[in-house]
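One file, upload-v7.tsv, carrying TSV, C-alpha atoms:
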```tsv
chain	number	residue	atom	x	y	z
N	1	MET	CA	-23.90	40.33	43.18
N	2	GLY	CA	-20.22	39.39	43.66
N	3	ILE	CA	-21.02	35.72	44.27
N	4	ALA	CA	-23.21	35.50	41.13
N	5	ALA	CA	-20.43	37.07	39.02
N	6	PHE	CA	-17.88	34.70	40.52
N	7	ILE	CA	-20.09	31.66	39.77
N	8	GLY	CA	-20.66	32.95	36.21
N	9	TRP	CA	-16.93	33.36	35.58
N	10	ALA	CA	-16.17	29.98	37.17
N	11	MET	CA	-18.73	28.29	34.90
N	12	LEU	CA	-17.31	30.04	31.84
N	13	LEU	CA	-13.75	29.06	32.73
N	14	GLY	CA	-14.93	25.51	33.47
N	15	LEU	CA	-16.55	25.23	30.03
N	16	VAL	CA	-13.44	26.61	28.30
N	17	GLY	CA	-11.18	24.28	30.32
N	18	ARG	CA	-13.41	21.26	29.62
N	19	ARG	CA	-13.39	21.98	25.89
N	20	ARG	CA	-9.63	22.53	25.81
N	21	TYR	CA	-8.47	19.64	27.99
N	22	ILE	CA	-11.28	17.08	27.76
N	23	GLY	CA	-13.12	17.92	24.55
N	24	ASN	CA	-16.63	17.37	23.31
N	25	PRO	CA	-17.91	13.81	23.03
N	26	THR	CA	-18.60	12.76	19.46
N	27	ALA	CA	-19.69	9.40	18.05
N	28	VAL	CA	-17.68	7.91	15.18
N	29	THR	CA	-19.12	4.96	13.26
N	30	ILE	CA	-16.76	2.49	11.62
N	31	LEU	CA	-18.36	0.24	9.01
N	32	GLN	CA	-17.85	-3.53	8.65
N	33	TYR	CA	-15.19	-3.21	5.95
N	34	GLN	CA	-13.27	-0.48	7.79
N	35	GLY	CA	-10.84	-0.33	10.67
N	36	GLY	CA	-9.19	2.52	12.44
N	37	VAL	CA	-6.44	3.68	14.75
N	38	LEU	CA	-7.41	5.77	17.78
N	39	TYR	CA	-5.08	8.68	18.54
N	40	LYS	CA	-5.06	10.58	21.81
N	41	LYS	CA	-3.15	13.88	21.76
N	42	GLY	CA	-1.38	12.74	18.58
N	43	VAL	CA	-0.19	9.40	19.98
N	44	PRO	CA	-1.63	6.11	18.63
N	45	VAL	CA	-3.46	4.34	21.46
N	46	ARG	CA	-5.10	1.26	19.92
N	47	GLU	CA	-6.74	-0.20	16.85
N	48	VAL	CA	-10.54	0.02	16.67
N	49	HIS	CA	-12.83	-2.13	14.58
N	50	ALA	CA	-16.39	-1.98	13.24
N	51	GLY	CA	-18.96	-0.33	15.46
N	52	GLN	CA	-19.69	3.02	17.06
N	53	HIS	CA	-16.96	4.63	19.13
N	54	ARG	CA	-17.03	7.74	21.33
N	55	VAL	CA	-14.14	10.16	20.96
N	56	TRP	CA	-13.45	13.48	22.66
N	57	VAL	CA	-12.99	15.73	19.66
N	58	PRO	CA	-9.98	18.00	20.03
N	59	ILE	CA	-8.14	15.45	22.15
N	60	GLU	CA	-8.86	12.18	20.29
N	61	LYS	CA	-9.12	11.25	16.63
N	62	ILE	CA	-9.75	8.03	14.71
N	63	MET	CA	-7.95	7.51	11.40
N	64	ILE	CA	-10.19	5.21	9.35
N	65	LEU	CA	-8.77	2.73	6.81
N	66	ASP	CA	-10.60	0.70	4.18
N	67	LYS	CA	-9.80	-2.99	4.76
N	68	ARG	CA	-11.36	-4.31	1.54
N	69	PRO	CA	-8.94	-6.04	-0.84
N	70	THR	CA	-6.98	-3.64	-3.04
N	71	MET	CA	-7.12	-4.74	-6.66
N	72	VAL	CA	-4.20	-3.81	-8.92
N	73	SER	CA	-4.14	-4.21	-12.70
N	74	PHE	CA	-1.44	-3.06	-15.11
N	75	GLU	CA	-1.28	-3.64	-18.86
N	76	ASN	CA	1.38	-3.15	-21.54
N	77	ARG	CA	4.35	-2.73	-19.24
N	78	ALA	CA	7.84	-3.30	-20.67
N	79	VAL	CA	10.99	-4.60	-19.03
N	80	SER	CA	14.40	-5.42	-20.44
N	81	LEU	CA	15.70	-8.93	-19.96
N	82	THR	CA	19.23	-10.14	-19.25
N	83	ASP	CA	19.99	-10.82	-22.93
N	84	GLY	CA	18.83	-7.37	-24.12
N	85	ALA	CA	15.37	-8.40	-25.31
N	86	THR	CA	12.27	-6.58	-24.18
N	87	ALA	CA	9.34	-8.34	-22.58
N	88	VAL	CA	5.85	-6.86	-22.56
N	89	TYR	CA	3.58	-7.97	-19.77
N	90	GLY	CA	0.41	-7.23	-17.90
N	91	PHE	CA	-0.82	-8.54	-14.58
N	92	SER	CA	-3.61	-8.34	-12.05
N	93	ALA	CA	-3.08	-8.81	-8.34
N	94	SER	CA	-4.69	-8.10	-4.99
N	95	ALA	CA	-3.73	-7.56	-1.37
N	96	GLU	CA	-5.63	-6.85	1.83
N	97	ILE	CA	-4.78	-4.94	5.02
N	98	ARG	CA	-4.01	-7.17	8.02
N	99	GLU	CA	-2.27	-4.82	10.46
N	100	LEU	CA	-3.89	-1.39	10.52
N	101	SER	CA	-1.07	0.50	12.24
N	102	LYS	CA	1.63	-0.84	9.90
N	103	ALA	CA	-0.48	-0.15	6.82
N	104	LEU	CA	-1.26	3.38	7.98
N	105	TYR	CA	2.44	4.19	8.35
N	106	SER	CA	3.59	2.28	5.24
N	107	ALA	CA	3.21	5.28	2.89
N	108	ARG	CA	1.58	8.65	2.56
N	109	ASN	CA	-1.32	6.90	0.81
N	110	TYR	CA	-1.54	3.31	2.03
N	111	ASN	CA	-3.72	2.31	-0.95
N	112	GLU	CA	-0.72	2.74	-3.28
N	113	VAL	CA	1.53	0.27	-1.43
N	114	PRO	CA	0.24	-2.93	-3.10
N	115	ALA	CA	0.63	-1.45	-6.59
N	116	TYR	CA	4.19	-0.35	-5.85
N	117	VAL	CA	5.16	-3.72	-4.35
N	118	PHE	CA	3.67	-5.75	-7.20
N	119	ILE	CA	5.32	-3.59	-9.88
N	120	CYS	CA	8.73	-3.73	-8.16
N	121	CYS	CA	8.62	-7.49	-7.60
N	122	THR	CA	7.43	-8.22	-11.15
N	123	ARG	CA	10.11	-6.03	-12.75
N	124	SER	CA	12.80	-7.51	-10.50
N	125	VAL	CA	11.94	-11.11	-11.34
N	126	LEU	CA	11.43	-10.54	-15.07
N	127	ASN	CA	14.59	-8.44	-15.34
N	128	SER	CA	16.66	-11.41	-14.14
N	129	CYS	CA	15.34	-13.73	-16.89
N	130	ALA	CA	16.53	-14.41	-20.41
N	131	SER	CA	14.17	-14.35	-23.39
N	132	GLY	CA	14.85	-17.98	-24.31
N	133	ASN	CA	13.09	-19.50	-21.33
N	134	LEU	CA	10.76	-16.68	-20.30
N	135	LEU	CA	7.54	-18.05	-21.76
N	136	SER	CA	8.20	-21.64	-20.69
N	137	ARG	CA	8.82	-20.56	-17.08
N	138	GLN	CA	5.65	-18.49	-16.66
N	139	ASP	CA	4.31	-20.61	-13.77
N	140	SER	CA	7.58	-20.56	-11.85
N	141	LEU	CA	7.90	-16.80	-12.47
N	142	THR	CA	4.41	-16.28	-11.06
N	143	ALA	CA	5.33	-18.29	-7.96
N	144	GLU	CA	8.58	-16.35	-7.51
N	145	ILE	CA	6.81	-12.99	-7.85
N	146	ALA	CA	4.13	-14.11	-5.39
N	147	SER	CA	6.79	-15.18	-2.89
N	148	LYS	CA	8.66	-11.86	-3.10
N	149	ALA	CA	5.46	-9.81	-2.98
N	150	ASN	CA	4.15	-11.79	0.00
N	151	ALA	CA	7.29	-11.05	2.03
N	152	ARG	CA	7.33	-7.34	1.15
N	153	LEU	CA	3.61	-6.86	1.71
N	154	ALA	CA	3.80	-8.55	5.13
N	155	THR	CA	6.38	-6.01	6.33
N	156	GLU	CA	3.98	-3.21	5.32
N	157	GLY	CA	0.94	-4.66	7.13
N	158	PHE	CA	-0.74	-6.22	4.08
N	159	GLU	CA	-1.61	-9.80	3.19
N	160	PHE	CA	-0.96	-11.16	-0.29
N	161	GLN	CA	-4.17	-12.38	-1.98
N	162	SER	CA	-3.44	-13.20	-5.63
N	163	PHE	CA	-1.20	-12.55	-8.62
N	164	ARG	CA	-1.55	-13.62	-12.26
N	165	PHE	CA	-0.16	-12.52	-15.60
N	166	THR	CA	-2.77	-11.30	-18.06
N	167	HIS	CA	-0.21	-11.48	-20.85
N	168	LEU	CA	3.51	-12.05	-21.22
N	169	ALA	CA	5.35	-11.81	-24.55
N	170	ILE	CA	8.73	-10.98	-26.06
N	171	ALA	CA	8.42	-7.60	-27.80
N	172	SER	CA	11.80	-7.49	-29.52
N	173	PRO	CA	14.50	-10.08	-30.06
N	174	PRO	CA	17.81	-9.67	-28.26
N	175	ALA	CA	20.34	-7.41	-29.95
N	176	THR	CA	22.84	-9.29	-32.07
N	177	THR	CA	26.53	-8.60	-31.81
N	178	ASN	CA	29.05	-8.38	-34.61
N	179	PRO	CA	32.23	-10.49	-34.58
N	180	ALA	CA	34.14	-7.71	-32.84
N	181	GLY	CA	31.91	-8.23	-29.81
N	182	ASP	CA	30.21	-4.84	-29.67
N	183	ALA	CA	26.54	-4.34	-30.41
N	184	GLY	CA	27.12	-1.53	-32.92
N	185	PRO	CA	26.37	-1.67	-36.63
N	186	ARG	CA	28.62	-3.80	-38.83
N	187	ILE	CA	30.70	-1.84	-41.30
N	188	HIS	CA	32.21	-3.72	-44.27
```
What is this file in structure tokens?
Amino acid sequence: MGIAAFIGWAMLLGLVGRRRYIGNPTAVTILQYQGGVLYKKGVPVREVHAGQHRVWVPIEKIMILDKRPTMVSFENRAVSLTDGATAVYGFSASAEIRELSKALYSARNYNEVPAYVFICCTRSVLNSCASGNLLSRQDSLTAEIASKANARLATEGFEFQSFRFTHLAIASPPATTNPAGDAGPRIH
């Protein structure tokens, strides 16, 4: 009777120890357009790609990311120009994940990174322009925005795909100044 009880307790402790330190095997399927990062005890081990992967549940985890291109579209945005005028613009752009680990750690929600980068780069470039040559320089502005966005996206694990303005216009003329040099109302 003592040996049977000992074997029973040993098996129970073995099952508890196996579950706690090794885990239960589970299959995780990653689709063609997904990628993932395998974590073991909270430490990133390696990137995993499409296919079926076996993980030991409480010990290992796979964080799955969607690698399809992220499309961004903004309309009716306004930015002030160097001469005080306001430009109204809209754009569409896209980016795609290239480095899973960098993209995963780029923000709390990695899907929002391309939108943030494209908005910041567009506002930065347009804010440094004057209203007089804004519309005539649209192609060079697009190239400058694409260059800035490409560099910033690369540091976050993304690859620049495309950028184009859907519209770009001057909303209000620059403020005129009175002879005294201030922009206030003229009093006679």
Restrict the calculation to only C-alpha atoms, then for each residue of region 97-138 of chain N with any atom at most 9 Å from an atom of region 146-170 of chain N give the closest atom pair and their distance in Å to one decimal, rows by chain and rising residue number, as JSON lines.
```
{"residue": "N:Ile97", "atom": "CA", "partner": "N:Phe158", "partner_atom": "CA", "distance": 4.3}
{"residue": "N:Arg98", "atom": "CA", "partner": "N:Phe158", "partner_atom": "CA", "distance": 5.2}
{"residue": "N:Glu99", "atom": "CA", "partner": "N:Gly157", "partner_atom": "CA", "distance": 4.6}
{"residue": "N:Leu100", "atom": "CA", "partner": "N:Gly157", "partner_atom": "CA", "distance": 6.7}
{"residue": "N:Ser101", "atom": "CA", "partner": "N:Gly157", "partner_atom": "CA", "distance": 7.5}
{"residue": "N:Lys102", "atom": "CA", "partner": "N:Gly157", "partner_atom": "CA", "distance": 4.8}
{"residue": "N:Ala103", "atom": "CA", "partner": "N:Gly157", "partner_atom": "CA", "distance": 4.7}
{"residue": "N:Leu104", "atom": "CA", "partner": "N:Gly157", "partner_atom": "CA", "distance": 8.4}
{"residue": "N:Tyr105", "atom": "CA", "partner": "N:Glu156", "partner_atom": "CA", "distance": 8.1}
{"residue": "N:Ser106", "atom": "CA", "partner": "N:Glu156", "partner_atom": "CA", "distance": 5.5}
{"residue": "N:Ala107", "atom": "CA", "partner": "N:Glu156", "partner_atom": "CA", "distance": 8.9}
{"residue": "N:Val113", "atom": "CA", "partner": "N:Glu156", "partner_atom": "CA", "distance": 8.0}
{"residue": "N:Pro114", "atom": "CA", "partner": "N:Leu153", "partner_atom": "CA", "distance": 7.1}
{"residue": "N:Val117", "atom": "CA", "partner": "N:Ala149", "partner_atom": "CA", "distance": 6.2}
{"residue": "N:Phe118", "atom": "CA", "partner": "N:Ala149", "partner_atom": "CA", "distance": 6.1}
{"residue": "N:Cys120", "atom": "CA", "partner": "N:Ala149", "partner_atom": "CA", "distance": 8.6}
{"residue": "N:Cys121", "atom": "CA", "partner": "N:Ala149", "partner_atom": "CA", "distance": 6.1}
{"residue": "N:Thr122", "atom": "CA", "partner": "N:Ala149", "partner_atom": "CA", "distance": 8.6}
{"residue": "N:Val125", "atom": "CA", "partner": "N:Lys148", "partner_atom": "CA", "distance": 8.9}
{"residue": "N:Ser131", "atom": "CA", "partner": "N:Ile170", "partner_atom": "CA", "distance": 6.9}
{"residue": "N:Leu134", "atom": "CA", "partner": "N:Ile170", "partner_atom": "CA", "distance": 8.4}
{"residue": "N:Leu135", "atom": "CA", "partner": "N:Ala169", "partner_atom": "CA", "distance": 7.2}
{"residue": "N:Gln138", "atom": "CA", "partner": "N:Leu168", "partner_atom": "CA", "distance": 8.2}
```
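Going from CA of Ala115 (chain N) to CA of Val45 (chain N) covers 28.9 Å.
From CA of Ala95 (chain N) back to CA of Asn127 (chain N), the distance works out to 23.1 Å.
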Which is closest to Pro69 (chain N) among N:Ala143, N:Val37, N:Ala93, N:Ala4, if we use only C-alpha atoms? N:Ala93
Counting all atoms listed in the file, figure out which residue out of N:Asn109, N:Gly17, N:Ser80, N:Ser73 gets nearest to Ser94 (chain N). N:Ser73
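Checking N:Val55, N:Met11, N:Gly132, N:Arg123 one by one against Ala78 (chain N), counting all atoms listed in the file, you find the shortest gap at N:Arg123.
For the pair CA of Gln34 (chain N) and CA of Trp56 (chain N), the interatomic distance is 20.4 Å.
Using only C-alpha atoms for every distance, the candidate list N:Ala5, N:Leu15, N:Ile119, N:Arg108 yields N:Ile119 as the residue closest to Glu75 (chain N).
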The residues within 6 Å of (8.5, -14.1, -13.2), using only C-alpha atoms and the coordinates of the file, should be reported as a list in words; which are they? Val125, Leu126, Leu141, Thr142 and Ile145 of chain N
Report as a list in words all protein, DNA and RNA residues lying within 10 Å of Asp66 (chain N), evaluated on all atoms listed in the file, omitting residues in the same chain fewer than 3 positions from it. Ile30, Leu31, Gln32, Tyr33, Gln34, Gly35, Gly36, Pro69, Thr70, Glu96, Ile97, Leu100, Tyr110 and Asn111 of chain N
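When only C-alpha atoms are used to measure the gap to Ile59 (chain N), the shortest distance among N:Leu13, N:Leu38, N:Leu81, N:Ala171 belongs to N:Leu38.
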